[in-house]
Amino acid sequence: MSIIYLETLINADIQCVFDWARNIDLHQQSTSKTHEKAIAGRTSGFIEENETVTWKAKHLGVYQTLTTKIISMDKPNQFTDEMQKGAFKSLHHQHIFKKVDGKTLMIDIFEFESPLGFIGKLFNTFFLKNYLRNFLLERNRLIKDTAESAPTTISKEIVIKIH
């Protein structure tokens, strides 16, 4: 099992950051390099507990699909998604939010395991962990930039326009 741990300090209200982090439209914008698109389940707006989303994206030159489900949510403190179907042997992503001196600390704990046993472990160590870390950092940069430039709270009607 590989684990990626990231902390992002955001100068915005915890509820605002929590909502941007679970916004399907913003996620699609942050993953434009991989042409990621929500194709089934919740495909726009704010994902909620027990909802699923199926993503289609081009990673490593190959189109893949991945279905995740929000298995727990405690607004605005945390939500966790887990792979239901996809290329990984397992994938579990905790999103944790804490108030810190008037700002929000967003914590990602991203655990994954590739198939193919020993070969999968080597692939994780020498390539995939860094690839996924950069993927998450790009997502977090957009959440930070958006939350810091957005109003204090966001409406359920806000939809990000994808160019």
# chains A, B, ... in the order shown; residues from 1 in each chain; ligands from 1
>>> select_by_dssp(residues="chain A", states="strand (DSSP E or B)", output="count of residues only")
67
>>> closest_atom_pairs(of="segment 32-104 of chain A", to="segment 116-127 of chain A", cutoff="12 Å", atoms="only C-alpha atoms", output="Markdown table")
| residue | atom | partner | partner_atom | distance |
| --- | --- | --- | --- | --- |
| A:Leu60 | CA | A:Phe127 | CA | 10.9 |
| A:Ala87 | CA | A:Leu116 | CA | 10.7 |
| A:Phe88 | CA | A:Gly120 | CA | 9.6 |
| A:Lys89 | CA | A:Leu116 | CA | 8.6 |
| A:Ser90 | CA | A:Gly120 | CA | 11.9 |
>>> write_last_selection(atoms="N, CA, C and O atoms", output="PDB file, in the first residue's frame")
ATOM      1  N   LEU A  60      -1.392   7.987 -18.743  1.00  0.00           N
ATOM      2  CA  LEU A  60      -0.310   7.198 -19.343  1.00  0.00           C
ATOM      3  C   LEU A  60      -0.655   6.752 -20.762  1.00  0.00           C
ATOM      4  O   LEU A  60      -0.335   5.647 -21.171  1.00  0.00           O
ATOM      5  N   ALA A  87      -8.847   0.572 -12.223  1.00  0.00           N
ATOM      6  CA  ALA A  87      -7.579  -0.105 -12.502  1.00  0.00           C
ATOM      7  C   ALA A  87      -6.759  -0.434 -11.256  1.00  0.00           C
ATOM      8  O   ALA A  87      -5.885  -1.288 -11.301  1.00  0.00           O
ATOM      9  N   PHE A  88      -7.017   0.265 -10.150  1.00  0.00           N
ATOM     10  CA  PHE A  88      -6.252   0.002  -8.931  1.00  0.00           C
ATOM     11  C   PHE A  88      -6.750  -1.265  -8.241  1.00  0.00           C
ATOM     12  O   PHE A  88      -7.909  -1.643  -8.388  1.00  0.00           O
ATOM     13  N   LYS A  89      -5.870  -1.862  -7.456  1.00  0.00           N
ATOM     14  CA  LYS A  89      -6.310  -2.955  -6.581  1.00  0.00           C
ATOM     15  C   LYS A  89      -7.171  -2.358  -5.465  1.00  0.00           C
ATOM     16  O   LYS A  89      -8.185  -2.923  -5.078  1.00  0.00           O
ATOM     17  N   SER A  90      -6.755  -1.171  -4.964  1.00  0.00           N
ATOM     18  CA  SER A  90      -7.548  -0.431  -3.981  1.00  0.00           C
ATOM     19  C   SER A  90      -7.166   1.039  -4.038  1.00  0.00           C
ATOM     20  O   SER A  90      -6.061   1.390  -4.435  1.00  0.00           O
TER      21      SER A  90
END
>>> residues_around(residues="Ala147 of chain A", least_positions_apart="6", cutoff="10 Å", atoms="only C-alpha atoms", output="PDB file with all heavy atoms, in the first residue's frame")
ATOM      1  N   ILE A  10      -5.135  27.149   3.315  1.00  0.00           N
ATOM      2  CA  ILE A  10      -5.945  27.981   2.437  1.00  0.00           C
ATOM      3  C   ILE A  10      -6.551  29.120   3.235  1.00  0.00           C
ATOM      4  O   ILE A  10      -7.182  28.889   4.279  1.00  0.00           O
ATOM      5  CB  ILE A  10      -7.047  27.128   1.757  1.00  0.00           C
ATOM      6  CG1 ILE A  10      -6.389  25.980   0.970  1.00  0.00           C
ATOM      7  CG2 ILE A  10      -7.929  27.995   0.863  1.00  0.00           C
ATOM      8  CD1 ILE A  10      -7.358  24.970   0.397  1.00  0.00           C
ATOM      9  N   ASN A  11      -6.381  30.326   2.742  1.00  0.00           N
ATOM     10  CA  ASN A  11      -6.905  31.513   3.408  1.00  0.00           C
ATOM     11  C   ASN A  11      -8.382  31.699   3.030  1.00  0.00           C
ATOM     12  O   ASN A  11      -8.739  32.592   2.254  1.00  0.00           O
ATOM     13  CB  ASN A  11      -6.085  32.742   3.035  1.00  0.00           C
ATOM     14  CG  ASN A  11      -6.471  33.949   3.863  1.00  0.00           C
ATOM     15  OD1 ASN A  11      -7.137  33.827   4.888  1.00  0.00           O
ATOM     16  ND2 ASN A  11      -6.069  35.119   3.400  1.00  0.00           N
ATOM     17  N   ALA A  12      -9.231  30.810   3.556  1.00  0.00           N
ATOM     18  CA  ALA A  12     -10.667  30.844   3.279  1.00  0.00           C
ATOM     19  C   ALA A  12     -11.396  30.073   4.375  1.00  0.00           C
ATOM     20  O   ALA A  12     -10.800  29.255   5.081  1.00  0.00           O
ATOM     21  CB  ALA A  12     -10.958  30.236   1.909  1.00  0.00           C
ATOM     22  N   ASP A  13     -12.678  30.317   4.458  1.00  0.00           N
ATOM     23  CA  ASP A  13     -13.561  29.667   5.418  1.00  0.00           C
ATOM     24  C   ASP A  13     -13.603  28.153   5.187  1.00  0.00           C
ATOM     25  O   ASP A  13     -13.590  27.693   4.038  1.00  0.00           O
ATOM     26  CB  ASP A  13     -14.958  30.278   5.245  1.00  0.00           C
ATOM     27  CG  ASP A  13     -16.002  29.607   6.094  1.00  0.00           C
ATOM     28  OD1 ASP A  13     -15.998  29.843   7.318  1.00  0.00           O
ATOM     29  OD2 ASP A  13     -16.808  28.835   5.524  1.00  0.00           O
ATOM     30  N   ILE A  14     -13.675  27.378   6.259  1.00  0.00           N
ATOM     31  CA  ILE A  14     -13.660  25.916   6.177  1.00  0.00           C
ATOM     32  C   ILE A  14     -14.802  25.381   5.315  1.00  0.00           C
ATOM     33  O   ILE A  14     -14.612  24.456   4.524  1.00  0.00           O
ATOM     34  CB  ILE A  14     -13.632  25.270   7.589  1.00  0.00           C
ATOM     35  CG1 ILE A  14     -13.366  23.763   7.496  1.00  0.00           C
ATOM     36  CG2 ILE A  14     -14.910  25.571   8.356  1.00  0.00           C
ATOM     37  CD1 ILE A  14     -13.102  23.101   8.838  1.00  0.00           C
ATOM     38  N   GLN A  15     -16.012  25.948   5.441  1.00  0.00           N
ATOM     39  CA  GLN A  15     -17.150  25.465   4.652  1.00  0.00           C
ATOM     40  C   GLN A  15     -16.914  25.714   3.166  1.00  0.00           C
ATOM     41  O   GLN A  15     -17.223  24.866   2.333  1.00  0.00           O
ATOM     42  CB  GLN A  15     -18.455  26.124   5.094  1.00  0.00           C
ATOM     43  CG  GLN A  15     -19.691  25.599   4.355  1.00  0.00           C
ATOM     44  CD  GLN A  15     -20.023  24.164   4.692  1.00  0.00           C
ATOM     45  OE1 GLN A  15     -20.156  23.808   5.859  1.00  0.00           O
ATOM     46  NE2 GLN A  15     -20.155  23.312   3.684  1.00  0.00           N
ATOM     47  N   CYS A  16     -16.359  26.845   2.851  1.00  0.00           N
ATOM     48  CA  CYS A  16     -16.047  27.193   1.459  1.00  0.00           C
ATOM     49  C   CYS A  16     -15.044  26.196   0.872  1.00  0.00           C
ATOM     50  O   CYS A  16     -15.253  25.652  -0.221  1.00  0.00           O
ATOM     51  CB  CYS A  16     -15.507  28.617   1.410  1.00  0.00           C
ATOM     52  SG  CYS A  16     -15.084  29.210  -0.222  1.00  0.00           S
ATOM     53  N   VAL A  17     -13.968  25.929   1.593  1.00  0.00           N
ATOM     54  CA  VAL A  17     -12.941  24.993   1.116  1.00  0.00           C
ATOM     55  C   VAL A  17     -13.527  23.589   0.988  1.00  0.00           C
ATOM     56  O   VAL A  17     -13.300  22.892  -0.014  1.00  0.00           O
ATOM     57  CB  VAL A  17     -11.708  24.993   2.054  1.00  0.00           C
ATOM     58  CG1 VAL A  17     -10.689  23.954   1.613  1.00  0.00           C
ATOM     59  CG2 VAL A  17     -11.080  26.384   2.105  1.00  0.00           C
ATOM     60  N   PHE A  18     -14.297  23.172   1.985  1.00  0.00           N
ATOM     61  CA  PHE A  18     -14.949  21.856   1.957  1.00  0.00           C
ATOM     62  C   PHE A  18     -15.804  21.713   0.698  1.00  0.00           C
ATOM     63  O   PHE A  18     -15.738  20.699   0.000  1.00  0.00           O
ATOM     64  CB  PHE A  18     -15.803  21.694   3.224  1.00  0.00           C
ATOM     65  CG  PHE A  18     -16.554  20.396   3.299  1.00  0.00           C
ATOM     66  CD1 PHE A  18     -15.936  19.251   3.782  1.00  0.00           C
ATOM     67  CD2 PHE A  18     -17.877  20.325   2.896  1.00  0.00           C
ATOM     68  CE1 PHE A  18     -16.628  18.051   3.860  1.00  0.00           C
ATOM     69  CE2 PHE A  18     -18.579  19.133   2.975  1.00  0.00           C
ATOM     70  CZ  PHE A  18     -17.951  17.991   3.454  1.00  0.00           C
ATOM     71  N   ASP A  19     -16.601  22.737   0.402  1.00  0.00           N
ATOM     72  CA  ASP A  19     -17.480  22.660  -0.758  1.00  0.00           C
ATOM     73  C   ASP A  19     -16.711  22.644  -2.078  1.00  0.00           C
ATOM     74  O   ASP A  19     -17.039  21.871  -2.982  1.00  0.00           O
ATOM     75  CB  ASP A  19     -18.489  23.810  -0.745  1.00  0.00           C
ATOM     76  CG  ASP A  19     -19.594  23.599   0.283  1.00  0.00           C
ATOM     77  OD1 ASP A  19     -19.806  22.448   0.723  1.00  0.00           O
ATOM     78  OD2 ASP A  19     -20.249  24.595   0.653  1.00  0.00           O
ATOM     79  N   TRP A  20     -15.672  23.473  -2.204  1.00  0.00           N
ATOM     80  CA  TRP A  20     -14.891  23.444  -3.439  1.00  0.00           C
ATOM     81  C   TRP A  20     -14.201  22.094  -3.618  1.00  0.00           C
ATOM     82  O   TRP A  20     -14.063  21.600  -4.743  1.00  0.00           O
ATOM     83  CB  TRP A  20     -13.867  24.570  -3.482  1.00  0.00           C
ATOM     84  CG  TRP A  20     -14.468  25.916  -3.785  1.00  0.00           C
ATOM     85  CD1 TRP A  20     -14.399  27.033  -2.996  1.00  0.00           C
ATOM     86  CD2 TRP A  20     -15.228  26.303  -4.926  1.00  0.00           C
ATOM     87  NE1 TRP A  20     -15.071  28.077  -3.581  1.00  0.00           N
ATOM     88  CE2 TRP A  20     -15.587  27.650  -4.775  1.00  0.00           C
ATOM     89  CE3 TRP A  20     -15.642  25.617  -6.075  1.00  0.00           C
ATOM     90  CZ2 TRP A  20     -16.346  28.347  -5.724  1.00  0.00           C
ATOM     91  CZ3 TRP A  20     -16.401  26.317  -7.032  1.00  0.00           C
ATOM     92  CH2 TRP A  20     -16.739  27.650  -6.838  1.00  0.00           C
ATOM     93  N   ALA A  21     -13.789  21.465  -2.532  1.00  0.00           N
ATOM     94  CA  ALA A  21     -13.092  20.177  -2.618  1.00  0.00           C
ATOM     95  C   ALA A  21     -13.999  19.054  -3.099  1.00  0.00           C
ATOM     96  O   ALA A  21     -13.517  18.060  -3.638  1.00  0.00           O
ATOM     97  CB  ALA A  21     -12.482  19.816  -1.267  1.00  0.00           C
ATOM     98  N   ARG A 141      -4.005  23.109  -5.820  1.00  0.00           N
ATOM     99  CA  ARG A 141      -3.698  24.489  -6.230  1.00  0.00           C
ATOM    100  C   ARG A 141      -4.957  25.200  -6.728  1.00  0.00           C
ATOM    101  O   ARG A 141      -5.199  26.360  -6.393  1.00  0.00           O
ATOM    102  CB  ARG A 141      -2.629  24.511  -7.329  1.00  0.00           C
ATOM    103  CG  ARG A 141      -1.204  24.570  -6.805  1.00  0.00           C
ATOM    104  CD  ARG A 141      -0.200  24.851  -7.924  1.00  0.00           C
ATOM    105  NE  ARG A 141       0.008  23.714  -8.804  1.00  0.00           N
ATOM    106  CZ  ARG A 141       0.835  22.707  -8.552  1.00  0.00           C
ATOM    107  NH1 ARG A 141       1.535  22.686  -7.444  1.00  0.00           N
ATOM    108  NH2 ARG A 141       0.965  21.723  -9.407  1.00  0.00           N
ATOM    109  N   THR A 153     -18.870  32.251   1.445  1.00  0.00           N
ATOM    110  CA  THR A 153     -19.625  31.004   1.293  1.00  0.00           C
ATOM    111  C   THR A 153     -20.003  30.863  -0.168  1.00  0.00           C
ATOM    112  O   THR A 153     -20.092  31.839  -0.894  1.00  0.00           O
ATOM    113  CB  THR A 153     -20.900  30.995   2.160  1.00  0.00           C
ATOM    114  OG1 THR A 153     -21.703  32.098   1.775  1.00  0.00           O
ATOM    115  CG2 THR A 153     -20.566  31.063   3.627  1.00  0.00           C
ATOM    116  N   ILE A 154     -20.232  29.625  -0.583  1.00  0.00           N
ATOM    117  CA  ILE A 154     -20.617  29.425  -1.976  1.00  0.00           C
ATOM    118  C   ILE A 154     -21.995  28.800  -2.035  1.00  0.00           C
ATOM    119  O   ILE A 154     -22.386  28.026  -1.178  1.00  0.00           O
ATOM    120  CB  ILE A 154     -19.587  28.576  -2.750  1.00  0.00           C
ATOM    121  CG1 ILE A 154     -19.369  27.214  -2.113  1.00  0.00           C
ATOM    122  CG2 ILE A 154     -18.293  29.304  -2.904  1.00  0.00           C
ATOM    123  CD1 ILE A 154     -18.412  26.337  -2.870  1.00  0.00           C
TER     124      ILE A 154
END
>>> residues_around(residues="Thr80 of chain A", least_positions_apart="2", cutoff="10 Å", atoms="only C-alpha atoms", output="list in words")
Glu49, Thr68, Lys69, Ile70, Ile71, Ser72, Met73, Asp74, Gln78, Glu82, His92, His93, Gln94, His95, Ile96, Asp108, Ile109 and Phe110 of chain A
>>> write_last_selection(atoms="N, CA, C and O atoms", output="JSON list (two decimals), in the first residue's frame")
[["chain", "number", "residue", "atom", "x", "y", "z"],
["A", 49, "GLU", "N", -22.61, 12.29, 0.53],
["A", 49, "GLU", "CA", -22.37, 10.96, 1.10],
["A", 49, "GLU", "C", -23.24, 9.92, 0.39],
["A", 49, "GLU", "O", -24.39, 10.17, 0.06],
["A", 68, "THR", "N", -15.81, 5.96, -7.98],
["A", 68, "THR", "CA", -15.59, 6.12, -6.55],
["A", 68, "THR", "C", -16.91, 6.43, -5.87],
["A", 68, "THR", "O", -17.85, 6.94, -6.49],
["A", 69, "LYS", "N", -16.96, 6.14, -4.58],
["A", 69, "LYS", "CA", -18.15, 6.40, -3.77],
["A", 69, "LYS", "C", -17.73, 7.17, -2.53],
["A", 69, "LYS", "O", -16.69, 6.88, -1.93],
["A", 70, "ILE", "N", -18.54, 8.16, -2.16],
["A", 70, "ILE", "CA", -18.30, 8.88, -0.90],
["A", 70, "ILE", "C", -18.84, 7.98, 0.21],
["A", 70, "ILE", "O", -20.04, 7.78, 0.34],
["A", 71, "ILE", "N", -17.92, 7.39, 0.97],
["A", 71, "ILE", "CA", -18.32, 6.41, 1.99],
["A", 71, "ILE", "C", -18.57, 7.04, 3.35],
["A", 71, "ILE", "O", -19.19, 6.42, 4.22],
["A", 72, "SER", "N", -18.06, 8.27, 3.57],
["A", 72, "SER", "CA", -18.36, 8.98, 4.82],
["A", 72, "SER", "C", -18.24, 10.47, 4.58],
["A", 72, "SER", "O", -17.49, 10.91, 3.71],
["A", 73, "MET", "N", -19.02, 11.24, 5.36],
["A", 73, "MET", "CA", -18.97, 12.69, 5.25],
["A", 73, "MET", "C", -19.42, 13.29, 6.57],
["A", 73, "MET", "O", -20.45, 12.90, 7.12],
["A", 74, "ASP", "N", -18.62, 14.23, 7.07],
["A", 74, "ASP", "CA", -18.94, 15.00, 8.28],
["A", 74, "ASP", "C", -18.69, 16.46, 7.90],
["A", 74, "ASP", "O", -17.57, 16.94, 7.98],
["A", 78, "GLN", "N", -14.75, 16.56, 7.09],
["A", 78, "GLN", "CA", -14.10, 15.50, 6.32],
["A", 78, "GLN", "C", -15.07, 14.82, 5.38],
["A", 78, "GLN", "O", -16.27, 14.84, 5.59],
["A", 82, "GLU", "N", -13.84, 6.18, -1.90],
["A", 82, "GLU", "CA", -13.20, 4.88, -2.07],
["A", 82, "GLU", "C", -13.56, 4.32, -3.44],
["A", 82, "GLU", "O", -14.71, 4.44, -3.89],
["A", 92, "HIS", "N", -8.27, 4.66, -1.59],
["A", 92, "HIS", "CA", -9.00, 5.23, -0.45],
["A", 92, "HIS", "C", -8.45, 6.64, -0.24],
["A", 92, "HIS", "O", -7.25, 6.80, -0.06],
["A", 93, "HIS", "N", -9.32, 7.66, -0.29],
["A", 93, "HIS", "CA", -8.86, 9.05, -0.21],
["A", 93, "HIS", "C", -9.64, 9.79, 0.87],
["A", 93, "HIS", "O", -10.83, 10.03, 0.73],
["A", 94, "GLN", "N", -8.94, 10.16, 1.95],
["A", 94, "GLN", "CA", -9.53, 10.95, 3.02],
["A", 94, "GLN", "C", -9.24, 12.42, 2.75],
["A", 94, "GLN", "O", -8.10, 12.79, 2.45],
["A", 95, "HIS", "N", -10.28, 13.26, 2.87],
["A", 95, "HIS", "CA", -10.17, 14.70, 2.74],
["A", 95, "HIS", "C", -10.53, 15.27, 4.12],
["A", 95, "HIS", "O", -11.67, 15.13, 4.56],
["A", 96, "ILE", "N", -9.58, 15.90, 4.79],
["A", 96, "ILE", "CA", -9.79, 16.39, 6.15],
["A", 96, "ILE", "C", -9.59, 17.91, 6.14],
["A", 96, "ILE", "O", -8.67, 18.42, 5.50],
["A", 108, "ASP", "N", -4.95, 15.82, 2.69],
["A", 108, "ASP", "CA", -5.27, 14.66, 1.86],
["A", 108, "ASP", "C", -4.46, 13.47, 2.36],
["A", 108, "ASP", "O", -3.24, 13.58, 2.51],
["A", 109, "ILE", "N", -5.14, 12.37, 2.57],
["A", 109, "ILE", "CA", -4.47, 11.10, 2.84],
["A", 109, "ILE", "C", -4.97, 10.15, 1.76],
["A", 109, "ILE", "O", -6.13, 9.72, 1.77],
["A", 110, "PHE", "N", -4.11, 9.90, 0.81],
["A", 110, "PHE", "CA", -4.46, 9.15, -0.40],
["A", 110, "PHE", "C", -3.72, 7.82, -0.37],
["A", 110, "PHE", "O", -2.50, 7.78, -0.50]]
>>> atom_distance(atom1="atom CA of Met106 of chain A", atom2="atom CA of Leu136 of chain A")
11.9 Å
>>> atom_distance(atom1="atom CA of Leu26 of chain A", atom2="atom CA of Pro115 of chain A")
29.3 Å
>>> residues_around(residues="segment 35-47 of chain A", least_positions_apart="3", cutoff="8 Å", atoms="only C-alpha atoms", output="VMD selection string")
chain A and resid 19 22 to 25 28 31 to 32 51 to 58 70 156 to 159
